[in-house]
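Colleague: Sharing a structure, written as structure tokens. Questions coming.
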Amino acid sequence: MAKLPKDSHRVEDVAYAEYLFEKFYVIGSISTGGVTRLGYSDAETEMHKMFKSIGEKEGFRYEEDEVGNSFICNSDSDSYYLIGSHLDSVVDGGRYDGVAGIIAGLIVLKWVKDNKLDIPIKVGAFRCEESSNFGKCTVGSGLVTNALNKHDVAETVSKDGRTMEEIFKENGYSLYPERISGVKQYLELHIEQGKILEEYGERLGIATTIAGPKRFLLHLIGEAEHSGATPMDMRHDALCGAAELISEIESIGRDEAIWKSVATVGTVELKPNALNVIPGSVTLGVDIRGINQDSLNRMENRIKDSGKKIAKKRGLKFYRDKISEMSPVVLSRNMQETLSHIAKDMKISHRIMISGAGHDAMSFAEICDTALIFIPCDKGISHNKNEFATIESICDGAILIYEYLHEVSK
Ligand SMILES: [Zn+2]
């Protein structure tokens, strides 16, 4: 049985990957040089049509499920390996986030066909992975694995003002899809979206756990007063309290870094936001993530206590809203070990690591053995038009997946 030459970037494979990348390239392009392919928008639908036409040209079967996810399949088998990712992007995003995983899946499918292997595979493109359009992430994969249900998404509103329910009705999709069945194992290749692989000069990453995000809005309420007429000792400046809290949140994140946790204040909303008025109220958007539930809980409690303490000291009111909370997701240990063993065998340098960002793999980890493979991306830049990964890296990941499937389906 013909196997691929190990640890090589054959000219024809790189050319095929480039051809696939080019096929998707212009869809959703905008004048900045980036792409906008929001979940359940026309641009995303166009990406799925392109995916369909690529698959059918190779002689594969195409399927669409009840929520608009697309699949290219090499068999009718009831039981198959699923290689998945997404084709949507953020606003003014890059061309590798999601697409790299779809390209890797299509390359693997082609190799399996060329080498006449009998491995049932579906390459799945899941709708609306990014939260940019509806404020909800992993919608397509979440709905079909039942990790999400109608109540989580029906009322969410797109950037152009339509509810998910309306869009689903228009397209004939269902908010009560049947749970996806027959998935033996799920594999996803994704750009790392961080700098670790680049920093350590490693070609691939194999994820152990996907960090669980908790998100809050922290509100500090003071008194908006005249900045000239109010003496320094009579003020209740909400922004000064917020400044103290922001640096406290940074040090809480640093304290918990030993558990690979992170804490970020990503947004500041200030009222009235006028040069000659003492800030009356501030809302901070906080995102904490980690793979250790105790550490996450500790961070949450410390942030809450700090907010109360700082508010009390400064005569401010403090309250908080929890916007979302997801538990860390543990991926298949068996798959990690086999993938790592194969990578070692192929002399592809790799690293066992965590995923700080969420992916469709989170939805599947609940229903089947799941693996997530990272490829380096330039300077860790992602969700940005300057996002870049090499075609050779995509081929590295594809070779690992191919060899893995070859190994486990023997
Ligand atoms: Zn992604």
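In the structure tokens, each chain is lettered A, B, ... as it comes, each chain's residues begin at 1, and ligands are numbered from 1 in order of appearance.
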Excluding Asp305 in chain A and its own-chain neighbours fewer than 3 positions away, which residues fall within 12 Å of it when counting only C-alpha atoms? Please give them as an NGL selection string.
Modeller: :A and (218 or 245 or 248-249 or 252 or 298-302 or 308-312 or 318-320)
Colleague: Any chance you can output those residues with N, CA and C atoms as a CSV table (one decimal), in the first residue's frame?
Modeller:
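Saved result, selection_33.csv, follows:
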chain,number,residue,atom,x,y,z
A,218,LEU,N,-18.0,44.4,34.6
A,218,LEU,CA,-17.8,44.9,35.9
A,218,LEU,C,-18.2,46.4,35.9
A,245,LEU,N,-8.6,48.7,39.4
A,245,LEU,CA,-9.1,47.4,39.3
A,245,LEU,C,-8.5,46.7,38.1
A,248,GLU,N,-5.2,45.4,39.1
A,248,GLU,CA,-5.4,44.3,40.0
A,248,GLU,C,-5.7,43.0,39.2
A,249,ILE,N,-6.6,43.2,38.2
A,249,ILE,CA,-6.9,42.0,37.4
A,249,ILE,C,-5.7,41.4,36.6
A,252,ILE,N,-3.8,39.5,39.2
A,252,ILE,CA,-4.5,38.2,39.5
A,252,ILE,C,-4.1,37.2,38.3
A,298,ARG,N,-10.9,30.7,41.4
A,298,ARG,CA,-10.2,31.6,42.3
A,298,ARG,C,-10.1,33.0,41.6
A,299,MET,N,-9.8,33.0,40.3
A,299,MET,CA,-9.7,34.3,39.7
A,299,MET,C,-11.0,35.1,39.7
A,300,GLU,N,-12.1,34.3,39.5
A,300,GLU,CA,-13.4,35.0,39.5
A,300,GLU,C,-13.6,35.6,40.9
A,301,ASN,N,-13.4,34.8,42.0
A,301,ASN,CA,-13.6,35.3,43.3
A,301,ASN,C,-12.7,36.5,43.7
A,302,ARG,N,-11.4,36.4,43.3
A,302,ARG,CA,-10.5,37.5,43.6
A,302,ARG,C,-10.9,38.8,42.9
A,308,LYS,N,-15.0,44.9,45.0
A,308,LYS,CA,-15.8,45.4,46.2
A,308,LYS,C,-14.9,46.3,47.0
A,309,LYS,N,-13.6,45.8,47.2
A,309,LYS,CA,-12.7,46.5,48.1
A,309,LYS,C,-12.3,47.9,47.5
A,310,ILE,N,-12.0,48.0,46.2
A,310,ILE,CA,-11.7,49.2,45.6
A,310,ILE,C,-12.9,50.2,45.6
A,311,ALA,N,-14.0,49.7,45.4
A,311,ALA,CA,-15.2,50.5,45.4
A,311,ALA,C,-15.5,51.1,46.7
A,312,LYS,N,-15.3,50.3,47.8
A,312,LYS,CA,-15.6,50.7,49.1
A,312,LYS,C,-14.6,51.8,49.5
A,318,PHE,N,-20.4,49.1,43.2
A,318,PHE,CA,-19.8,48.0,42.3
A,318,PHE,C,-20.8,46.9,42.2
A,319,TYR,N,-21.0,46.5,40.9
A,319,TYR,CA,-21.7,45.2,40.7
A,319,TYR,C,-21.2,44.6,39.4
A,320,ARG,N,-21.6,43.4,39.2
A,320,ARG,CA,-21.1,42.7,38.0
A,320,ARG,C,-22.2,41.8,37.4
Colleague: Kindly compile the residues surrounding ligand 1 within 12 Å, counting only C-alpha atoms and all ligand atoms, and format them as a ChimeraX atom specification.
Modeller: /A:39,84-90,93-102,125-132,137-138,188-193,355-362,372,374,382-384,387
Colleague: Using the selection just defined, write its residues with C-alpha atoms as an mmCIF file, in the first residue's frame.
Modeller:
data_model
loop_
_atom_site.group_PDB
_atom_site.id
_atom_site.type_symbol
_atom_site.label_atom_id
_atom_site.label_comp_id
_atom_site.auth_asym_id
_atom_site.auth_seq_id
_atom_site.Cartn_x
_atom_site.Cartn_y
_atom_site.Cartn_z
ATOM 1 C CA GLY A 39 -21.472 33.328 10.037
ATOM 2 C CA GLY A 84 -13.637 19.596 10.605
ATOM 3 C CA SER A 85 -13.224 23.346 10.890
ATOM 4 C CA HIS A 86 -15.009 26.459 9.656
ATOM 5 C CA LEU A 87 -15.222 28.821 6.668
ATOM 6 C CA ASP A 88 -16.524 31.992 8.353
ATOM 7 C CA SER A 89 -14.315 34.828 9.577
ATOM 8 C CA VAL A 90 -14.419 37.853 11.851
ATOM 9 C CA GLY A 93 -10.214 38.937 9.292
ATOM 10 C CA GLY A 94 -7.523 36.745 7.783
ATOM 11 C CA ARG A 95 -7.664 33.898 5.279
ATOM 12 C CA TYR A 96 -6.200 31.064 7.377
ATOM 13 C CA ASP A 97 -8.377 30.881 10.505
ATOM 14 C CA GLY A 98 -10.681 27.935 9.815
ATOM 15 C CA VAL A 99 -9.834 27.648 6.114
ATOM 16 C CA ALA A 100 -6.441 26.023 6.920
ATOM 17 C CA GLY A 101 -8.285 23.146 8.617
ATOM 18 C CA ILE A 102 -10.679 22.692 5.708
ATOM 19 C CA ALA A 125 -17.268 22.835 7.390
ATOM 20 C CA PHE A 126 -19.203 24.143 10.381
ATOM 21 C CA ARG A 127 -21.257 27.299 10.200
ATOM 22 C CA CYS A 128 -20.743 30.399 12.281
ATOM 23 C CA GLU A 129 -17.744 29.388 14.389
ATOM 24 C CA GLU A 130 -16.852 33.007 15.122
ATOM 25 C CA SER A 131 -18.976 35.063 17.490
ATOM 26 C CA SER A 132 -18.621 38.175 15.293
ATOM 27 C CA CYS A 137 -19.526 31.111 18.732
ATOM 28 C CA THR A 138 -19.437 27.519 17.383
ATOM 29 C CA GLU A 188 -9.327 19.500 13.582
ATOM 30 C CA LEU A 189 -6.318 21.392 12.292
ATOM 31 C CA HIS A 190 -6.229 25.078 13.168
ATOM 32 C CA ILE A 191 -3.716 27.914 13.128
ATOM 33 C CA GLU A 192 -2.368 28.378 16.638
ATOM 34 C CA GLN A 193 -3.433 32.043 16.974
ATOM 35 C CA SER A 355 -5.580 25.826 23.390
ATOM 36 C CA GLY A 356 -6.361 29.247 24.794
ATOM 37 C CA ALA A 357 -8.940 29.880 22.062
ATOM 38 C CA GLY A 358 -12.211 28.044 21.491
ATOM 39 C CA HIS A 359 -12.800 25.846 18.434
ATOM 40 C CA ASP A 360 -15.435 23.551 16.884
ATOM 41 C CA ALA A 361 -13.472 20.698 18.503
ATOM 42 C CA MET A 362 -15.074 21.783 21.826
ATOM 43 C CA LEU A 372 -6.909 19.406 17.857
ATOM 44 C CA PHE A 374 -2.064 23.473 15.648
ATOM 45 C CA SER A 382 -4.960 36.197 14.000
ATOM 46 C CA HIS A 383 -8.426 37.709 13.521
ATOM 47 C CA ASN A 384 -6.588 40.243 11.424
ATOM 48 C CA GLU A 387 -2.780 36.572 9.607
#
Colleague: Rank nothing, just name the residue among A:Gly161, A:Gly135, A:Gly315, A:Pro177 nearest to Gly222 in chain A, using only C-alpha atoms.
Modeller: A:Gly315
Colleague: Using only C-alpha atoms, find each residue in range 172-244 of chain A having at least one atom no more than 10 Å away from range 59-75 of chain A; report its shortest atom-to-atom pair and that distance in Å (one decimal), rows by chain then rising number, as CSV.
Modeller:
residue,atom,partner,partner_atom,distance
A:Gly172,CA,A:Glu66,CA,8.0
A:Tyr173,CA,A:Val67,CA,4.9
A:Ser174,CA,A:Glu66,CA,5.6
A:Leu175,CA,A:Val67,CA,7.2
A:Tyr176,CA,A:Glu66,CA,8.5
A:Pro177,CA,A:Glu66,CA,5.8
A:Glu178,CA,A:Glu66,CA,7.9
A:Arg179,CA,A:Glu66,CA,10.0
A:Ile180,CA,A:Asp65,CA,8.9
Colleague: Residues within 7 Å of Gly280 in chain A, please, as a ChimeraX atom specification. Count only C-alpha atoms; anything in the same chain fewer than 6 positions from it doesn't count.
Modeller: /A:221-224,237-238,271-272
Colleague: Give me a file of those residues, with N, CA and C atoms, as a short mmCIF file (atom, residue, chain, number, x, y, z; two decimals), in the first residue's frame.
Modeller:
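Full text of out-v1.cif as output:
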data_model
loop_
_atom_site.label_atom_id
_atom_site.label_comp_id
_atom_site.auth_asym_id
_atom_site.auth_seq_id
_atom_site.Cartn_x
_atom_site.Cartn_y
_atom_site.Cartn_z
N ILE A 221 -19.73 52.60 39.71
CA ILE A 221 -20.55 53.80 39.60
C ILE A 221 -20.09 54.83 40.62
N GLY A 222 -19.76 56.02 40.12
CA GLY A 222 -19.35 57.10 41.01
C GLY A 222 -20.26 58.31 40.81
N GLU A 223 -19.64 59.49 40.74
CA GLU A 223 -20.43 60.71 40.58
C GLU A 223 -19.81 61.53 39.44
N ALA A 224 -20.62 61.85 38.42
CA ALA A 224 -20.12 62.69 37.33
C ALA A 224 -20.27 64.16 37.74
N ASP A 237 -14.51 59.25 41.58
CA ASP A 237 -14.12 59.10 40.17
C ASP A 237 -14.12 57.61 39.79
N ALA A 238 -15.09 57.24 38.98
CA ALA A 238 -15.24 55.82 38.62
C ALA A 238 -14.06 55.32 37.79
N LYS A 271 -18.60 56.77 31.04
CA LYS A 271 -19.62 57.82 30.92
C LYS A 271 -19.35 58.94 31.90
N PRO A 272 -19.52 60.19 31.55
CA PRO A 272 -19.98 60.64 30.23
C PRO A 272 -18.87 60.74 29.19
#
Colleague: Give the answer as one residue: which of A:Leu220, A:Met353, A:Cys368, A:Ile30 has the shortest atom-to-atom distance to Ala243 in chain A, using only C-alpha atoms?
Modeller: A:Leu220
Colleague: DSSP on the backbone, then: every residue of range 83-287 of chain A marked strand (DSSP E or B), written as a PyMOL selection string.
Modeller: chain A and resi 83-86+93+121-126+157+163+183-191+204-210+212-221+226+262-271+277+281-287
